[in-house]
>>> print(open('query.cif').read())   # mmCIF, C-alpha atoms
data_structure
loop_
_atom_site.label_atom_id
_atom_site.label_comp_id
_atom_site.auth_asym_id
_atom_site.auth_seq_id
_atom_site.Cartn_x
_atom_site.Cartn_y
_atom_site.Cartn_z
CA MET A 29 97.22 84.57 72.21
CA LYS A 30 94.89 81.86 73.50
CA THR A 31 92.67 80.02 71.03
CA ALA A 32 89.82 77.54 71.51
CA ILE A 33 88.50 74.82 69.24
CA THR A 34 84.81 74.01 69.66
CA GLY A 35 82.02 72.24 67.83
CA GLY A 36 79.23 69.79 68.34
CA ILE A 37 79.47 66.06 68.74
CA GLY A 38 80.77 64.39 65.60
CA SER A 39 82.04 67.62 64.06
CA GLY A 40 85.65 66.44 64.14
CA LYS A 41 87.19 68.61 66.87
CA SER A 42 89.54 65.82 67.90
CA TYR A 43 90.65 65.34 64.29
CA VAL A 44 91.45 69.04 63.98
CA CYS A 45 93.34 68.92 67.30
CA ALA A 46 95.34 65.93 66.05
CA ARG A 47 96.24 67.93 62.93
CA LEU A 48 97.35 70.80 65.18
CA ALA A 49 99.45 68.40 67.27
CA GLU A 50 101.24 67.30 64.09
CA ARG A 51 102.24 70.97 63.72
CA GLY A 52 103.64 71.00 67.26
CA ILE A 53 100.61 72.76 68.76
CA ALA A 54 99.56 71.20 72.07
CA VAL A 55 95.83 71.49 72.77
CA TYR A 56 94.40 71.36 76.32
CA ASP A 57 91.40 68.98 76.29
CA CYS A 58 88.72 70.30 78.66
CA ASP A 59 86.74 67.04 78.67
CA SER A 60 89.79 64.96 79.63
CA ALA A 61 90.76 67.55 82.23
CA ALA A 62 87.29 67.45 83.81
CA LYS A 63 87.46 63.66 84.08
CA ARG A 64 90.98 63.81 85.52
CA LEU A 65 90.06 66.48 88.06
CA MET A 66 86.94 64.60 89.18
CA ARG A 67 89.19 61.57 89.80
CA THR A 68 92.10 63.35 91.48
CA SER A 69 90.94 66.54 93.19
CA GLU A 70 90.02 66.04 96.83
CA ARG A 71 88.01 69.28 96.80
CA LEU A 72 85.94 68.13 93.81
CA ARG A 73 85.51 64.71 95.43
CA GLN A 74 84.10 66.33 98.59
CA GLU A 75 81.86 68.77 96.72
CA LEU A 76 80.47 66.15 94.31
CA THR A 77 79.83 63.71 97.16
CA ALA A 78 78.04 66.43 99.15
CA LEU A 79 75.89 67.23 96.10
CA ILE A 80 75.14 63.74 94.76
CA GLY A 81 75.36 61.72 97.95
CA PRO A 82 77.13 58.67 99.37
CA GLY A 83 78.45 56.27 96.77
CA THR A 84 79.49 59.01 94.35
CA TYR A 85 82.95 57.48 94.66
CA ASP A 86 83.69 53.79 95.11
CA GLY A 87 87.02 54.07 96.87
CA GLN A 88 89.15 56.12 94.48
CA ARG A 89 86.85 55.51 91.49
CA LEU A 90 84.12 57.93 90.45
CA ASP A 91 80.83 56.05 89.96
CA LYS A 92 80.11 57.38 86.46
CA ALA A 93 76.68 55.73 86.29
CA LYS A 94 75.58 57.38 89.54
CA VAL A 95 76.89 60.77 88.40
CA ALA A 96 75.25 60.40 84.98
CA ALA A 97 71.90 59.44 86.53
CA PHE A 98 72.04 62.49 88.81
CA LEU A 99 73.10 64.77 85.97
CA LEU A 100 70.36 63.60 83.59
CA ALA A 101 67.63 63.75 86.25
CA SER A 102 67.17 67.51 85.86
CA GLU A 103 68.62 70.67 84.37
CA ALA A 104 69.16 71.96 87.92
CA ASN A 105 71.30 68.90 88.73
CA ALA A 106 73.38 69.40 85.58
CA LYS A 107 73.94 73.06 86.46
CA ALA A 108 74.93 72.13 90.02
CA ILE A 109 77.60 69.71 88.76
CA ASP A 110 78.80 72.30 86.22
CA ALA A 111 79.10 74.88 89.02
CA ILE A 112 81.55 72.56 90.76
CA VAL A 113 83.52 71.19 87.80
CA HIS A 114 83.74 74.15 85.40
CA PRO A 115 85.65 76.52 87.74
CA ALA A 116 88.16 73.76 88.48
CA VAL A 117 88.74 73.11 84.75
CA ALA A 118 89.03 76.85 84.03
CA ALA A 119 91.64 77.24 86.78
CA ASP A 120 93.50 74.15 85.57
CA PHE A 121 93.60 75.54 82.00
CA GLU A 122 94.87 78.91 83.18
CA GLN A 123 97.58 77.23 85.29
CA SER A 124 98.56 74.85 82.47
CA GLY A 125 100.22 77.51 80.35
CA ALA A 126 98.45 76.08 77.30
CA GLU A 127 97.67 78.45 74.48
CA TRP A 128 95.07 76.22 72.78
CA MET A 129 92.04 74.45 74.22
CA GLU A 130 89.46 72.02 72.93
CA CYS A 131 86.06 72.53 74.54
CA ALA A 132 82.80 71.09 73.20
CA ILE A 133 80.72 73.42 75.38
CA LEU A 134 82.89 76.51 75.00
CA PHE A 135 80.10 79.08 74.88
CA GLU A 136 77.70 77.27 77.23
CA SER A 137 80.39 77.00 79.91
CA GLY A 138 81.60 80.57 79.50
CA PHE A 139 85.11 79.28 78.72
CA ASP A 140 85.19 81.56 75.68
CA ARG A 141 86.15 84.28 78.20
CA LEU A 142 89.43 82.40 78.80
CA VAL A 143 90.61 82.76 75.21
CA ASP A 144 91.21 85.48 72.64
CA LYS A 145 89.95 83.67 69.53
CA THR A 146 87.55 80.82 68.86
CA ILE A 147 87.35 78.29 66.05
CA ALA A 148 84.17 76.32 65.31
CA VAL A 149 84.57 72.92 63.66
CA VAL A 150 81.43 72.15 61.67
CA ALA A 151 80.11 69.33 59.49
CA PRO A 152 76.76 68.45 57.92
CA ARG A 153 74.26 66.84 60.29
CA GLU A 154 74.25 63.52 58.42
CA VAL A 155 78.05 63.32 58.56
CA ARG A 156 78.07 64.09 62.27
CA ILE A 157 75.41 61.48 63.05
CA SER A 158 77.26 58.87 61.00
CA ARG A 159 80.54 59.62 62.80
CA VAL A 160 78.95 59.38 66.25
CA MET A 161 77.11 56.15 65.39
CA GLU A 162 80.34 54.56 64.15
CA ARG A 163 82.55 55.89 66.96
CA ASP A 164 80.21 55.03 69.83
CA GLY A 165 78.29 52.09 68.39
CA ILE A 166 74.91 53.74 68.97
CA SER A 167 71.71 54.14 66.99
CA GLU A 168 70.91 57.08 64.74
CA ALA A 169 68.15 58.11 67.18
CA LYS A 170 70.60 58.17 70.12
CA ALA A 171 73.18 60.15 68.13
CA ALA A 172 70.47 62.66 67.13
CA GLU A 173 69.34 62.89 70.78
CA TRP A 174 72.89 63.74 71.90
CA MET A 175 73.18 66.36 69.16
CA ALA A 176 69.85 67.91 70.20
CA ARG A 177 71.19 68.45 73.75
CA GLN A 178 73.96 70.70 72.46
CA MET A 179 73.94 74.28 71.23
CA ALA A 180 72.87 74.42 67.58
CA GLN A 181 75.84 74.21 65.21
CA GLU A 182 74.69 77.40 63.48
CA GLU A 183 74.83 79.30 66.78
CA VAL A 184 78.30 77.96 67.59
CA GLU A 185 79.50 78.99 64.14
CA ARG A 186 77.90 82.43 64.50
CA ARG A 187 79.70 83.07 67.81
CA ALA A 188 83.10 81.80 66.64
CA ASP A 189 85.81 83.96 65.10
CA PHE A 190 86.77 81.28 62.55
CA THR A 191 85.19 78.15 61.07
CA ILE A 192 86.72 74.90 59.85
CA VAL A 193 84.42 72.81 57.65
CA ASN A 194 85.24 69.15 58.30
CA ASP A 195 82.85 67.51 55.87
CA GLY A 196 85.25 64.95 54.39
CA ARG A 197 85.55 66.94 51.15
CA LEU A 198 87.16 70.28 51.97
CA ASP A 199 90.88 70.35 52.82
CA VAL A 200 91.05 70.69 56.62
CA ASP A 201 94.82 71.25 56.61
CA ARG A 202 94.50 74.20 54.25
CA GLN A 203 91.80 75.72 56.49
CA ILE A 204 93.98 75.23 59.57
CA GLU A 205 96.98 76.86 57.88
CA SER A 206 94.85 79.82 56.83
CA ILE A 207 93.60 80.37 60.38
CA ILE A 208 97.05 79.96 61.92
CA ASN A 209 98.39 82.58 59.50
CA LYS A 210 95.58 84.97 60.46
CA LEU A 211 96.29 84.40 64.16
CA LYS A 212 99.97 85.38 63.77
#
>>> encode(input="query.cif", output="structure tokens")
Amino acid sequence: MKTAITGGIGSGKSYVCARLAERGIAVYDCDSAAKRLMRTSERLRQELTALIGPGTYDGQRLDKAKVAAFLLASEANAKAIDAIVHPAVAADFEQSGAEWMECAILFESGFDRLVDKTIAVVAPREVRISRVMERDGISEAKAAEWMARQMAQEEVERRADFTIVNDGRLDVDRQIESIINKLK
């Protein structure tokens, strides 16, 4: 059985994945995989350079600022990059043999089709904003802007099979154990 962890920025997906790792459960990180593949895959290098233009790579290094500027310029640009990167990440996950994945944009990317069950990690808006501000050293307005670009937490929770509330009060380990027992 393949299972995915998802949730918006600041919800605590990485914390939940760390708790799973302590139980011996390895979790494939889609974000890290995308970054790795954009650095190492010759096919992605060629396709991204053809899409974005010369200077997308500086030698072996992806010019993140150039890619980000292209991506943020329009929704069409973002979709064009996704059309290149998402299939490569999906194939990499399937070839990895991993049974668990962490994917912030699970439903938006269609990666939910790669798994049998989904778990949404949720937290109150104020908690999420505070976590992002502290983690990334950004303003409340910037953290709220990033949150607004993602699928609404309520929609993610509605689509998921299970929910973990990571609000700093409820026992996350107990919730994880309950879900693992239901998955068996």
>>> closest_atom_pairs(input="query.cif", of="region 107-185 of chain A", to="region 75-84 of chain A", cutoff="8 Å", atoms="all atoms listed in the file", output="Markdown table")
| residue | atom | partner | partner_atom | distance |
| --- | --- | --- | --- | --- |
| A:Ala108 | CA | A:Leu79 | CA | 7.9 |
| A:Ile109 | CA | A:Leu76 | CA | 7.2 |
| A:Ile112 | CA | A:Glu75 | CA | 7.1 |
>>> resolve_selection(input="query.cif", expression="the PyMOL selection byres ((chain A and resi 62) around 8)", output="ChimeraX atom specification")
/A:58-61,63-66,113-114,116-117
>>> resolve_selection(input="query.cif", expression="the PyMOL selection byres ((chain A and resi 33) around 8)", output="list in words")
Thr31, Ala32, Thr34, Gly35, Lys41, Cys45, Trp128, Met129, Glu130, Cys131, Ala132, Thr146, Ile147, Ala148 and Val149 of chain A
>>> residues_around(input="query.cif", residues="region 178-184 of chain A", least_positions_apart="5", cutoff="12 Å", atoms="only C-alpha atoms", output="PDB file with C-alpha atoms, in the frame of the given file")
ATOM      1  CA  ILE A  33      88.500  74.820  69.240  1.00  0.00           C
ATOM      2  CA  THR A  34      84.810  74.010  69.660  1.00  0.00           C
ATOM      3  CA  GLY A  35      82.020  72.240  67.830  1.00  0.00           C
ATOM      4  CA  GLY A  36      79.230  69.790  68.340  1.00  0.00           C
ATOM      5  CA  ILE A  37      79.470  66.060  68.740  1.00  0.00           C
ATOM      6  CA  GLY A  38      80.770  64.390  65.600  1.00  0.00           C
ATOM      7  CA  SER A  39      82.040  67.620  64.060  1.00  0.00           C
ATOM      8  CA  CYS A 131      86.060  72.530  74.540  1.00  0.00           C
ATOM      9  CA  ALA A 132      82.800  71.090  73.200  1.00  0.00           C
ATOM     10  CA  ILE A 133      80.720  73.420  75.380  1.00  0.00           C
ATOM     11  CA  LEU A 134      82.890  76.510  75.000  1.00  0.00           C
ATOM     12  CA  PHE A 135      80.100  79.080  74.880  1.00  0.00           C
ATOM     13  CA  GLU A 136      77.700  77.270  77.230  1.00  0.00           C
ATOM     14  CA  SER A 137      80.390  77.000  79.910  1.00  0.00           C
ATOM     15  CA  ASP A 140      85.190  81.560  75.680  1.00  0.00           C
ATOM     16  CA  THR A 146      87.550  80.820  68.860  1.00  0.00           C
ATOM     17  CA  ILE A 147      87.350  78.290  66.050  1.00  0.00           C
ATOM     18  CA  ALA A 148      84.170  76.320  65.310  1.00  0.00           C
ATOM     19  CA  VAL A 149      84.570  72.920  63.660  1.00  0.00           C
ATOM     20  CA  VAL A 150      81.430  72.150  61.670  1.00  0.00           C
ATOM     21  CA  ALA A 151      80.110  69.330  59.490  1.00  0.00           C
ATOM     22  CA  PRO A 152      76.760  68.450  57.920  1.00  0.00           C
ATOM     23  CA  ARG A 153      74.260  66.840  60.290  1.00  0.00           C
ATOM     24  CA  ARG A 156      78.070  64.090  62.270  1.00  0.00           C
ATOM     25  CA  ALA A 171      73.180  60.150  68.130  1.00  0.00           C
ATOM     26  CA  ALA A 172      70.470  62.660  67.130  1.00  0.00           C
ATOM     27  CA  GLU A 173      69.340  62.890  70.780  1.00  0.00           C
ATOM     28  CA  ASP A 189      85.810  83.960  65.100  1.00  0.00           C
ATOM     29  CA  PHE A 190      86.770  81.280  62.550  1.00  0.00           C
ATOM     30  CA  THR A 191      85.190  78.150  61.070  1.00  0.00           C
ATOM     31  CA  ILE A 192      86.720  74.900  59.850  1.00  0.00           C
ATOM     32  CA  VAL A 193      84.420  72.810  57.650  1.00  0.00           C
TER      33      VAL A 193
END
>>> axis_aligned_box(input="query.cif", around="region 37-40 of chain A", padding_each_side="5 Å", output="lines of an AutoDock Vina configuration file")
center_x = 82.6
center_y = 66.0
center_z = 66.4
size_x = 16.2
size_y = 13.2
size_z = 14.7
>>> atom_distance(input="query.cif", atom1="CA of Thr68 (chain A)", atom2="CA of Asp91 (chain A)")
13.5 Å
>>> residues_around(input="query.cif", residues="region 202-206 of chain A", least_positions_apart="3", cutoff="9 Å", atoms="all atoms listed in the file", output="MDAnalysis selection string")
chainID A and resid 44 47:48 191:193 198:199 209:211
>>> atom_distance(input="query.cif", atom1="CA of Gly87 (chain A)", atom2="CA of Asp120 (chain A)")
23.9 Å
>>> closest_residue(input="query.cif", among="A:Gln123, A:Asp195, A:Val95, A:Tyr56", to="Arg73 (chain A)", atoms="only C-alpha atoms")
A:Val95
>>> closest_residue(input="query.cif", among="A:Met175, A:Ala93, A:Leu72, A:Ala101", to="Pro115 (chain A)", atoms="only C-alpha atoms")
A:Leu72
>>> decode(input="query.cif", residues="region 50-61 of chain A", atoms="all heavy atoms", output="PDB file, in the first residue's frame")
ATOM      1  N   GLU A  50      11.284   7.958  12.505  1.00  0.00           N
ATOM      2  CA  GLU A  50      11.657   7.373  13.790  1.00  0.00           C
ATOM      3  C   GLU A  50      11.021   5.999  13.991  1.00  0.00           C
ATOM      4  O   GLU A  50      11.484   5.216  14.806  1.00  0.00           O
ATOM      5  CB  GLU A  50      11.271   8.315  14.927  1.00  0.00           C
ATOM      6  CG  GLU A  50      12.143   9.543  14.987  1.00  0.00           C
ATOM      7  CD  GLU A  50      11.753  10.504  16.093  1.00  0.00           C
ATOM      8  OE1 GLU A  50      10.865  10.173  16.912  1.00  0.00           O
ATOM      9  OE2 GLU A  50      12.344  11.600  16.132  1.00  0.00           O
ATOM     10  N   ARG A  51       9.955   5.721  13.235  1.00  0.00           N
ATOM     11  CA  ARG A  51       9.299   4.409  13.282  1.00  0.00           C
ATOM     12  C   ARG A  51       9.837   3.475  12.194  1.00  0.00           C
ATOM     13  O   ARG A  51       9.284   2.425  11.947  1.00  0.00           O
ATOM     14  CB  ARG A  51       7.789   4.583  13.093  1.00  0.00           C
ATOM     15  CG  ARG A  51       7.082   5.215  14.261  1.00  0.00           C
ATOM     16  CD  ARG A  51       5.663   5.629  13.872  1.00  0.00           C
ATOM     17  NE  ARG A  51       4.903   6.068  15.022  1.00  0.00           N
ATOM     18  CZ  ARG A  51       5.037   7.245  15.613  1.00  0.00           C
ATOM     19  NH1 ARG A  51       5.923   8.115  15.151  1.00  0.00           N
ATOM     20  NH2 ARG A  51       4.307   7.562  16.659  1.00  0.00           N
ATOM     21  N   GLY A  52      10.876   3.922  11.481  1.00  0.00           N
ATOM     22  CA  GLY A  52      11.465   3.108  10.434  1.00  0.00           C
ATOM     23  C   GLY A  52      10.756   3.224   9.096  1.00  0.00           C
ATOM     24  O   GLY A  52      10.983   2.408   8.207  1.00  0.00           O
ATOM     25  N   ILE A  53       9.909   4.236   8.948  1.00  0.00           N
ATOM     26  CA  ILE A  53       9.171   4.433   7.696  1.00  0.00           C
ATOM     27  C   ILE A  53       9.867   5.514   6.878  1.00  0.00           C
ATOM     28  O   ILE A  53       9.871   6.686   7.264  1.00  0.00           O
ATOM     29  CB  ILE A  53       7.700   4.820   7.960  1.00  0.00           C
ATOM     30  CG1 ILE A  53       6.989   3.689   8.715  1.00  0.00           C
ATOM     31  CG2 ILE A  53       6.983   5.146   6.656  1.00  0.00           C
ATOM     32  CD1 ILE A  53       5.589   4.044   9.210  1.00  0.00           C
ATOM     33  N   ALA A  54      10.459   5.112   5.759  1.00  0.00           N
ATOM     34  CA  ALA A  54      11.131   6.067   4.863  1.00  0.00           C
ATOM     35  C   ALA A  54      10.071   6.763   4.010  1.00  0.00           C
ATOM     36  O   ALA A  54       9.158   6.116   3.496  1.00  0.00           O
ATOM     37  CB  ALA A  54      12.125   5.346   3.981  1.00  0.00           C
ATOM     38  N   VAL A  55      10.200   8.073   3.874  1.00  0.00           N
ATOM     39  CA  VAL A  55       9.235   8.856   3.105  1.00  0.00           C
ATOM     40  C   VAL A  55       9.959   9.551   1.954  1.00  0.00           C
ATOM     41  O   VAL A  55      10.921  10.285   2.166  1.00  0.00           O
ATOM     42  CB  VAL A  55       8.514   9.900   3.996  1.00  0.00           C
ATOM     43  CG1 VAL A  55       7.495  10.692   3.183  1.00  0.00           C
ATOM     44  CG2 VAL A  55       7.830   9.225   5.189  1.00  0.00           C
ATOM     45  N   TYR A  56       9.498   9.299   0.736  1.00  0.00           N
ATOM     46  CA  TYR A  56      10.035   9.931  -0.478  1.00  0.00           C
ATOM     47  C   TYR A  56       9.584  11.391  -0.472  1.00  0.00           C
ATOM     48  O   TYR A  56       8.385  11.678  -0.373  1.00  0.00           O
ATOM     49  CB  TYR A  56       9.479   9.193  -1.692  1.00  0.00           C
ATOM     50  CG  TYR A  56       9.907   9.738  -3.032  1.00  0.00           C
ATOM     51  CD1 TYR A  56      11.008   9.221  -3.693  1.00  0.00           C
ATOM     52  CD2 TYR A  56       9.168  10.750  -3.653  1.00  0.00           C
ATOM     53  CE1 TYR A  56      11.383   9.708  -4.937  1.00  0.00           C
ATOM     54  CE2 TYR A  56       9.545  11.235  -4.891  1.00  0.00           C
ATOM     55  CZ  TYR A  56      10.647  10.721  -5.529  1.00  0.00           C
ATOM     56  OH  TYR A  56      11.003  11.206  -6.764  1.00  0.00           O
ATOM     57  N   ASP A  57      10.505  12.322  -0.582  1.00  0.00           N
ATOM     58  CA  ASP A  57      10.209  13.753  -0.551  1.00  0.00           C
ATOM     59  C   ASP A  57      10.157  14.287  -1.989  1.00  0.00           C
ATOM     60  O   ASP A  57      11.189  14.418  -2.649  1.00  0.00           O
ATOM     61  CB  ASP A  57      11.295  14.460   0.258  1.00  0.00           C
ATOM     62  CG  ASP A  57      11.073  15.954   0.393  1.00  0.00           C
ATOM     63  OD1 ASP A  57      10.319  16.553  -0.403  1.00  0.00           O
ATOM     64  OD2 ASP A  57      11.685  16.542   1.302  1.00  0.00           O
ATOM     65  N   CYS A  58       8.955  14.579  -2.461  1.00  0.00           N
ATOM     66  CA  CYS A  58       8.781  15.026  -3.855  1.00  0.00           C
ATOM     67  C   CYS A  58       9.505  16.334  -4.142  1.00  0.00           C
ATOM     68  O   CYS A  58      10.068  16.504  -5.223  1.00  0.00           O
ATOM     69  CB  CYS A  58       7.291  15.176  -4.180  1.00  0.00           C
ATOM     70  SG  CYS A  58       6.437  13.590  -4.330  1.00  0.00           S
ATOM     71  N   ASP A  59       9.513  17.264  -3.191  1.00  0.00           N
ATOM     72  CA  ASP A  59      10.172  18.547  -3.402  1.00  0.00           C
ATOM     73  C   ASP A  59      11.679  18.357  -3.574  1.00  0.00           C
ATOM     74  O   ASP A  59      12.282  18.880  -4.504  1.00  0.00           O
ATOM     75  CB  ASP A  59       9.863  19.496  -2.245  1.00  0.00           C
ATOM     76  CG  ASP A  59      10.364  20.900  -2.498  1.00  0.00           C
ATOM     77  OD1 ASP A  59      10.144  21.429  -3.610  1.00  0.00           O
ATOM     78  OD2 ASP A  59      10.994  21.486  -1.595  1.00  0.00           O
ATOM     79  N   SER A  60      12.283  17.571  -2.691  1.00  0.00           N
ATOM     80  CA  SER A  60      13.723  17.293  -2.807  1.00  0.00           C
ATOM     81  C   SER A  60      14.038  16.550  -4.100  1.00  0.00           C
ATOM     82  O   SER A  60      15.046  16.821  -4.756  1.00  0.00           O
ATOM     83  CB  SER A  60      14.210  16.455  -1.626  1.00  0.00           C
ATOM     84  OG  SER A  60      14.103  17.190  -0.437  1.00  0.00           O
ATOM     85  N   ALA A  61      13.158  15.618  -4.464  1.00  0.00           N
ATOM     86  CA  ALA A  61      13.365  14.861  -5.696  1.00  0.00           C
ATOM     87  C   ALA A  61      13.315  15.779  -6.915  1.00  0.00           C
ATOM     88  O   ALA A  61      14.136  15.649  -7.827  1.00  0.00           O
ATOM     89  CB  ALA A  61      12.329  13.752  -5.827  1.00  0.00           C
TER      90      ALA A  61
END
